[in-house]
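These notes concern the structure reproduced below.
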Amino acid sequence: MPQGKPEHVPDDGLTTRARRRQPVLAVHTGPGKGKSTAAFGMALRAWAAGWPVVVYQFVKSPKWKVGEEAALRTLGESGRGAPVTWHKMGEGWSWIQRPGSERDHAAEAAEGWAQIRRDLAAEAYRFYVLDEFTYPIKWGWIDVAEVVSVLRDRPGGQHVVVTGRDAAPELIDLADLVTEMTKVKHPMDAGRKGQQGIEW
């Protein structure tokens with residue numbers, strides 16, 4: 001989009017203002033760092049615009065204390081901007097089998113998706129972050145055809161951003177905005193661990 005001008009203007013009868021207000025479905029995918037970080041940056045803008053924000057995290061444990069959650073919850077409770085709602089499903093990194101765990105990650109993911117469907121139908125929020133949502137789709141816990149149908153037909157002006165590696169081609173085809181994060185270098189390549197303030 002050179003100089004902020006679209007490369008192609010569709011002949012859809014919409015005014016520039018109407019076209020600017022169309023809801024966006026964004027997908028942040030790829031092997032590089034920054035998919036969730038970019039989504040939370042968008043959520044900050046949504047909050048500042050006065051849009052109610054909801055975050056669904058699909059593979060992060062409720063026990064984990066992550067910086068973006070603390071910051072957005074604080075902003076949501078500040079009385080300025082808009083309210084922020086936060087949901088976490090599972091116990092974190094669901095593909096790791098934990099001894100003694102009786103949690104059914106597939107069922108929890110399906111329950112989270114069911115709540116998202118209800119929220120979209122009710123137009124409960126204006127901005128949705130479906131963080132790490134590509135994984136339960138990839139693992140077959142949530143049907144991609146249903147996801148595409150629900151997101152395509154969502155009512156009103158609800159914006160949705162989906163993050164995670166290996167986004168389904170059907171989701172990419174549907175999206176208005178797709179960004180693939182590529183890795184050039186990462187501290188973990190040199191044996192360094194993730195650190196607070198950088199990874200969470």
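A note on labels: chains of the structure tokens are A, B, ... as shown, every chain counts residues from 1, and ligands are counted from 1 in their shown order.
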So that I can check the surroundings of segment 79-90 of chain A, please list as a PDB file with N, CA, C and O atoms, in the first residue's frame every protein, DNA and RNA residue that reaches within 7 Å of it, counting only C-alpha atoms and ignoring chain neighbours fewer than 3 positions away.
```pdb
ATOM      1  N   TRP A  47      -8.419  -0.642  22.371  1.00  0.00           N
ATOM      2  CA  TRP A  47      -8.782  -0.128  23.693  1.00  0.00           C
ATOM      3  C   TRP A  47      -8.824   1.406  23.670  1.00  0.00           C
ATOM      4  O   TRP A  47      -9.768   2.028  24.159  1.00  0.00           O
ATOM      5  N   ALA A  48      -7.803   2.017  23.067  1.00  0.00           N
ATOM      6  CA  ALA A  48      -7.734   3.474  23.018  1.00  0.00           C
ATOM      7  C   ALA A  48      -8.863   4.061  22.175  1.00  0.00           C
ATOM      8  O   ALA A  48      -9.317   5.179  22.424  1.00  0.00           O
ATOM      9  N   ALA A  49      -9.349   3.291  21.181  1.00  0.00           N
ATOM     10  CA  ALA A  49     -10.459   3.740  20.342  1.00  0.00           C
ATOM     11  C   ALA A  49     -11.806   3.585  21.049  1.00  0.00           C
ATOM     12  O   ALA A  49     -12.834   3.992  20.519  1.00  0.00           O
ATOM     13  N   GLY A  50     -11.786   2.971  22.249  1.00  0.00           N
ATOM     14  CA  GLY A  50     -13.021   2.785  22.996  1.00  0.00           C
ATOM     15  C   GLY A  50     -13.770   1.522  22.629  1.00  0.00           C
ATOM     16  O   GLY A  50     -14.950   1.390  22.945  1.00  0.00           O
ATOM     17  N   TRP A  51     -13.102   0.581  21.977  1.00  0.00           N
ATOM     18  CA  TRP A  51     -13.728  -0.672  21.575  1.00  0.00           C
ATOM     19  C   TRP A  51     -13.567  -1.714  22.682  1.00  0.00           C
ATOM     20  O   TRP A  51     -12.436  -1.987  23.097  1.00  0.00           O
ATOM     21  N   PRO A  52     -14.613  -2.326  23.161  1.00  0.00           N
ATOM     22  CA  PRO A  52     -14.471  -3.429  24.110  1.00  0.00           C
ATOM     23  C   PRO A  52     -13.616  -4.553  23.498  1.00  0.00           C
ATOM     24  O   PRO A  52     -13.845  -4.957  22.355  1.00  0.00           O
ATOM     25  N   VAL A  53     -12.651  -5.021  24.273  1.00  0.00           N
ATOM     26  CA  VAL A  53     -11.661  -6.000  23.810  1.00  0.00           C
ATOM     27  C   VAL A  53     -11.837  -7.296  24.583  1.00  0.00           C
ATOM     28  O   VAL A  53     -12.057  -7.285  25.800  1.00  0.00           O
ATOM     29  N   VAL A  54     -11.701  -8.431  23.880  1.00  0.00           N
ATOM     30  CA  VAL A  54     -11.663  -9.730  24.540  1.00  0.00           C
ATOM     31  C   VAL A  54     -10.477 -10.518  24.000  1.00  0.00           C
ATOM     32  O   VAL A  54     -10.170 -10.457  22.816  1.00  0.00           O
ATOM     33  N   VAL A  55      -9.818 -11.218  24.903  1.00  0.00           N
ATOM     34  CA  VAL A  55      -8.680 -12.067  24.531  1.00  0.00           C
ATOM     35  C   VAL A  55      -8.992 -13.492  24.936  1.00  0.00           C
ATOM     36  O   VAL A  55      -9.390 -13.750  26.080  1.00  0.00           O
ATOM     37  N   TYR A  56      -8.803 -14.401  23.993  1.00  0.00           N
ATOM     38  CA  TYR A  56      -8.877 -15.838  24.263  1.00  0.00           C
ATOM     39  C   TYR A  56      -7.493 -16.416  24.020  1.00  0.00           C
ATOM     40  O   TYR A  56      -6.994 -16.367  22.903  1.00  0.00           O
ATOM     41  N   GLN A  57      -6.872 -16.975  25.066  1.00  0.00           N
ATOM     42  CA  GLN A  57      -5.565 -17.623  24.916  1.00  0.00           C
ATOM     43  C   GLN A  57      -5.767 -19.127  25.008  1.00  0.00           C
ATOM     44  O   GLN A  57      -6.277 -19.620  26.009  1.00  0.00           O
ATOM     45  N   PHE A  58      -5.340 -19.821  23.956  1.00  0.00           N
ATOM     46  CA  PHE A  58      -5.671 -21.237  23.855  1.00  0.00           C
ATOM     47  C   PHE A  58      -4.614 -22.200  24.377  1.00  0.00           C
ATOM     48  O   PHE A  58      -4.927 -23.346  24.620  1.00  0.00           O
ATOM     49  N   VAL A  59      -3.383 -21.812  24.536  1.00  0.00           N
ATOM     50  CA  VAL A  59      -2.397 -22.759  25.067  1.00  0.00           C
ATOM     51  C   VAL A  59      -1.537 -22.144  26.168  1.00  0.00           C
ATOM     52  O   VAL A  59      -0.443 -22.614  26.429  1.00  0.00           O
ATOM     53  N   LYS A  60      -2.053 -21.136  26.822  1.00  0.00           N
ATOM     54  CA  LYS A  60      -1.306 -20.539  27.929  1.00  0.00           C
ATOM     55  C   LYS A  60      -2.044 -20.820  29.227  1.00  0.00           C
ATOM     56  O   LYS A  60      -3.244 -20.635  29.327  1.00  0.00           O
ATOM     57  N   SER A  61      -1.306 -21.257  30.212  1.00  0.00           N
ATOM     58  CA  SER A  61      -1.887 -21.674  31.477  1.00  0.00           C
ATOM     59  C   SER A  61      -2.459 -20.498  32.264  1.00  0.00           C
ATOM     60  O   SER A  61      -1.882 -19.404  32.264  1.00  0.00           O
ATOM     61  N   PRO A  62      -3.575 -20.722  32.975  1.00  0.00           N
ATOM     62  CA  PRO A  62      -4.080 -19.681  33.886  1.00  0.00           C
ATOM     63  C   PRO A  62      -3.068 -19.318  34.969  1.00  0.00           C
ATOM     64  O   PRO A  62      -3.152 -18.265  35.571  1.00  0.00           O
ATOM     65  N   LEU A  72      -3.095  -5.030  29.889  1.00  0.00           N
ATOM     66  CA  LEU A  72      -4.418  -4.797  29.300  1.00  0.00           C
ATOM     67  C   LEU A  72      -5.525  -4.848  30.352  1.00  0.00           C
ATOM     68  O   LEU A  72      -6.491  -4.086  30.277  1.00  0.00           O
ATOM     69  N   ARG A  73      -5.380  -5.735  31.342  1.00  0.00           N
ATOM     70  CA  ARG A  73      -6.388  -5.757  32.417  1.00  0.00           C
ATOM     71  C   ARG A  73      -6.379  -4.424  33.182  1.00  0.00           C
ATOM     72  O   ARG A  73      -7.431  -3.883  33.520  1.00  0.00           O
ATOM     73  N   GLY A  76      -8.031  -1.863  31.091  1.00  0.00           N
ATOM     74  CA  GLY A  76      -9.470  -2.102  31.050  1.00  0.00           C
ATOM     75  C   GLY A  76     -10.186  -1.657  32.312  1.00  0.00           C
ATOM     76  O   GLY A  76     -11.358  -1.268  32.274  1.00  0.00           O
ATOM     77  N   SER A  94      -0.321 -27.390  25.483  1.00  0.00           N
ATOM     78  CA  SER A  94      -1.164 -28.577  25.563  1.00  0.00           C
ATOM     79  C   SER A  94      -0.592 -29.807  24.875  1.00  0.00           C
ATOM     80  O   SER A  94      -1.037 -30.911  25.118  1.00  0.00           O
ATOM     81  N   HIS A 105      -7.826 -31.277  26.922  1.00  0.00           N
ATOM     82  CA  HIS A 105      -7.515 -30.037  26.218  1.00  0.00           C
ATOM     83  C   HIS A 105      -8.424 -29.821  25.015  1.00  0.00           C
ATOM     84  O   HIS A 105      -8.811 -28.692  24.719  1.00  0.00           O
ATOM     85  N   GLU A 108     -11.673 -28.487  26.262  1.00  0.00           N
ATOM     86  CA  GLU A 108     -11.536 -27.105  26.717  1.00  0.00           C
ATOM     87  C   GLU A 108     -11.424 -26.148  25.536  1.00  0.00           C
ATOM     88  O   GLU A 108     -11.991 -25.053  25.550  1.00  0.00           O
ATOM     89  N   ALA A 109     -10.706 -26.579  24.491  1.00  0.00           N
ATOM     90  CA  ALA A 109     -10.603 -25.745  23.294  1.00  0.00           C
ATOM     91  C   ALA A 109     -11.966 -25.599  22.633  1.00  0.00           C
ATOM     92  O   ALA A 109     -12.352 -24.507  22.208  1.00  0.00           O
ATOM     93  N   GLY A 112     -14.000 -23.175  24.559  1.00  0.00           N
ATOM     94  CA  GLY A 112     -13.575 -21.804  24.261  1.00  0.00           C
ATOM     95  C   GLY A 112     -14.130 -21.322  22.930  1.00  0.00           C
ATOM     96  O   GLY A 112     -14.613 -20.197  22.810  1.00  0.00           O
TER      97      GLY A 112
END
```
I'd like to know which residues of chain A are strand (DSSP E) (by DSSP, run on the backbone); could you write them as number ranges by chain? A: 25-29, 53-57, 84-88, 127-131, 159-163, 177-180
Between atom CA of Arg21 of chain A and atom CA of Gly157 of chain A - distance in Å to one decimal: 7.5 Å
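For the choices A:Ala190, A:Ala46, A:Ile137, A:Ala114, the atom-to-atom distance to Leu75 of chain A is smallest for A:Ala46 when using only C-alpha atoms.
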What's the separation between atom CA of Thr16 of chain A and atom CA of Ala175 of chain A, in Å to one decimal place?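 Computing it gives 20.2 Å between the two atoms.
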Proximity to Ile172 of chain A - best of A:Ala124, A:Val147, A:Ala43, A:Val66, only C-alpha atoms: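 Going through A:Ala124, A:Val147, A:Ala43, A:Val66 one by one, the smallest distance to Ile172 of chain A is for A:Val147.
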From segment 8-199 of chain A, collect each residue whose DSSP state is helix (DSSP H, G or I) and return the set as a PyMOL selection string. chain A and resi 16-20+35-48+67-76+105-122+134-138+144-152+169-174+187-190
Any idea what's packed within 7 Å of segment 159-166 of chain A, counting only C-alpha atoms, ignoring anything in its chain fewer than 5 positions away? Could you give it as a PDB file with C-alpha atoms, in the first residue's frame?
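Wrote it out as result-v6.pdb, contents follow:
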```
ATOM      1  CA  PRO A  23     -14.461  -5.224   9.973  1.00  0.00           C
ATOM      2  CA  VAL A  24     -11.040  -6.817   9.590  1.00  0.00           C
ATOM      3  CA  LEU A  25     -10.015 -10.438  10.050  1.00  0.00           C
ATOM      4  CA  ALA A  26      -6.261 -10.574  10.597  1.00  0.00           C
ATOM      5  CA  VAL A  27      -4.037 -13.649  10.828  1.00  0.00           C
ATOM      6  CA  HIS A  28      -0.530 -13.514  12.305  1.00  0.00           C
ATOM      7  CA  THR A  29       1.295 -16.737  11.502  1.00  0.00           C
ATOM      8  CA  GLY A  30       4.757 -18.097  10.709  1.00  0.00           C
ATOM      9  CA  PRO A  31       7.719 -19.443  12.707  1.00  0.00           C
ATOM     10  CA  LYS A  35       2.639 -12.900  16.347  1.00  0.00           C
ATOM     11  CA  SER A  36       0.936 -12.399  19.711  1.00  0.00           C
ATOM     12  CA  ALA A  39      -1.978  -8.748  18.112  1.00  0.00           C
ATOM     13  CA  ARG A 126     -15.608  -5.016  19.090  1.00  0.00           C
ATOM     14  CA  PHE A 127     -12.079  -6.487  19.032  1.00  0.00           C
ATOM     15  CA  TYR A 128     -11.167 -10.161  19.528  1.00  0.00           C
ATOM     16  CA  VAL A 129      -7.692 -11.647  19.979  1.00  0.00           C
ATOM     17  CA  LEU A 130      -7.767 -15.419  19.403  1.00  0.00           C
ATOM     18  CA  ASP A 131      -4.238 -16.100  20.624  1.00  0.00           C
ATOM     19  CA  GLU A 132      -2.602 -19.394  19.561  1.00  0.00           C
ATOM     20  CA  PHE A 133      -5.939 -20.348  17.964  1.00  0.00           C
ATOM     21  CA  THR A 134      -4.245 -21.953  14.964  1.00  0.00           C
ATOM     22  CA  TYR A 135      -3.099 -24.881  17.141  1.00  0.00           C
TER      23      TYR A 135
END
```
Please provide the set of residues having any atom within 9 Å of Thr37 of chain A, restricted to only C-alpha atoms, with same-chain residues fewer than 5 positions apart removed, written as a PyMOL selection string. chain A and resi 42+68+199
Using only all heavy atoms, please write the residues we just selected to a file, as a tab-separated table (two decimals), in the first residue's frame.
```tsv
chain	number	residue	atom	x	y	z
A	42	MET	N	-2.33	-4.30	18.50
A	42	MET	CA	-3.61	-3.93	17.89
A	42	MET	C	-4.69	-3.78	18.97
A	42	MET	O	-5.53	-2.87	18.90
A	42	MET	CB	-4.03	-4.98	16.87
A	42	MET	CG	-3.13	-5.02	15.63
A	42	MET	SD	-3.53	-6.41	14.54
A	42	MET	CE	-5.06	-5.82	13.80
A	68	GLU	N	1.42	-8.88	29.02
A	68	GLU	CA	0.36	-8.26	28.22
A	68	GLU	C	-0.99	-8.37	28.91
A	68	GLU	O	-1.82	-7.47	28.83
A	68	GLU	CB	0.30	-8.85	26.82
A	68	GLU	CG	0.07	-10.34	26.74
A	68	GLU	CD	1.35	-11.17	26.69
A	68	GLU	OE1	2.41	-10.67	27.12
A	68	GLU	OE2	1.28	-12.32	26.23
A	199	GLU	N	9.61	-12.19	26.31
A	199	GLU	CA	8.68	-13.23	25.86
A	199	GLU	C	7.34	-13.20	26.60
A	199	GLU	O	6.36	-13.70	26.08
A	199	GLU	CB	9.31	-14.63	26.03
A	199	GLU	CG	10.12	-15.10	24.83
A	199	GLU	CD	11.51	-14.47	24.78
A	199	GLU	OE1	12.08	-14.16	25.83
A	199	GLU	OE2	12.03	-14.32	23.67
```
Got a sec: who's within 10 Å of Gly156 of chain A, counting only C-alpha atoms, leaving out chain neighbours fewer than 4 positions off, as a PyMOL selection string? chain A and resi 22-23+120-123+126
Output for the residues just chosen: N, CA, C and O atoms as a CSV table (one decimal), in the first residue's frame:
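Writing the result to again_21.csv gives the following:
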```
chain,number,residue,atom,x,y,z
A,22,GLN,N,-15.1,-1.2,7.5
A,22,GLN,CA,-15.4,-2.6,7.3
A,22,GLN,C,-14.6,-3.4,8.4
A,22,GLN,O,-13.4,-3.1,8.7
A,23,PRO,N,-15.2,-4.4,9.0
A,23,PRO,CA,-14.5,-5.2,10.0
A,23,PRO,C,-13.3,-6.0,9.3
A,23,PRO,O,-13.4,-6.4,8.2
A,120,LEU,N,-19.5,-13.6,19.4
A,120,LEU,CA,-19.7,-13.0,18.0
A,120,LEU,C,-21.1,-12.8,17.7
A,120,LEU,O,-21.5,-11.8,17.1
A,121,ALA,N,-21.9,-13.9,17.9
A,121,ALA,CA,-23.4,-13.8,17.6
A,121,ALA,C,-24.0,-12.6,18.3
A,121,ALA,O,-24.9,-12.0,17.8
A,122,ALA,N,-23.6,-12.4,19.6
A,122,ALA,CA,-24.2,-11.4,20.4
A,122,ALA,C,-23.6,-10.0,20.2
A,122,ALA,O,-24.0,-9.0,20.8
A,123,GLU,N,-22.5,-10.0,19.4
A,123,GLU,CA,-21.7,-8.7,19.2
A,123,GLU,C,-21.3,-8.2,20.6
A,123,GLU,O,-21.4,-7.0,20.9
A,126,ARG,N,-15.9,-5.6,20.4
A,126,ARG,CA,-15.6,-5.0,19.1
A,126,ARG,C,-14.3,-5.5,18.6
A,126,ARG,O,-14.1,-5.6,17.4
```
Can you work out which one of A:Val184, A:Val150, A:Val144, A:Val178 has the shortest atom-to-atom distance to Ile116 of chain A, counting only C-alpha atoms? A:Val150
With a distance cut-off of 10 Å and only C-alpha atoms, select the neighbouring residues of Pro10 of chain A, excluding the residue or stretch itself and same-chain residues fewer than 4 positions from it, and output the selection as a compact mmCIF listing (two decimals) with N, CA and C atoms, in the first residue's frame.
```
# COMPACT_ATOMS: atom_id res chain seq x y z
N PRO A 6 -4.58 2.54 -1.64
CA PRO A 6 -4.80 1.16 -2.03
C PRO A 6 -4.36 0.91 -3.46
N LEU A 14 -19.34 1.23 -2.34
CA LEU A 14 -19.11 1.78 -1.00
C LEU A 14 -18.33 3.09 -1.08
N ARG A 19 -15.91 1.93 3.40
CA ARG A 19 -14.88 0.91 3.18
C ARG A 19 -13.87 0.90 4.33
```
Would you work out the distance separating atom CA of Ala38 of chain A from atom CA of Glu180 of chain A, expressed in Å to one decimal?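 Between atom CA of Ala38 of chain A and atom CA of Glu180 of chain A the gap works out to 11.3 Å.
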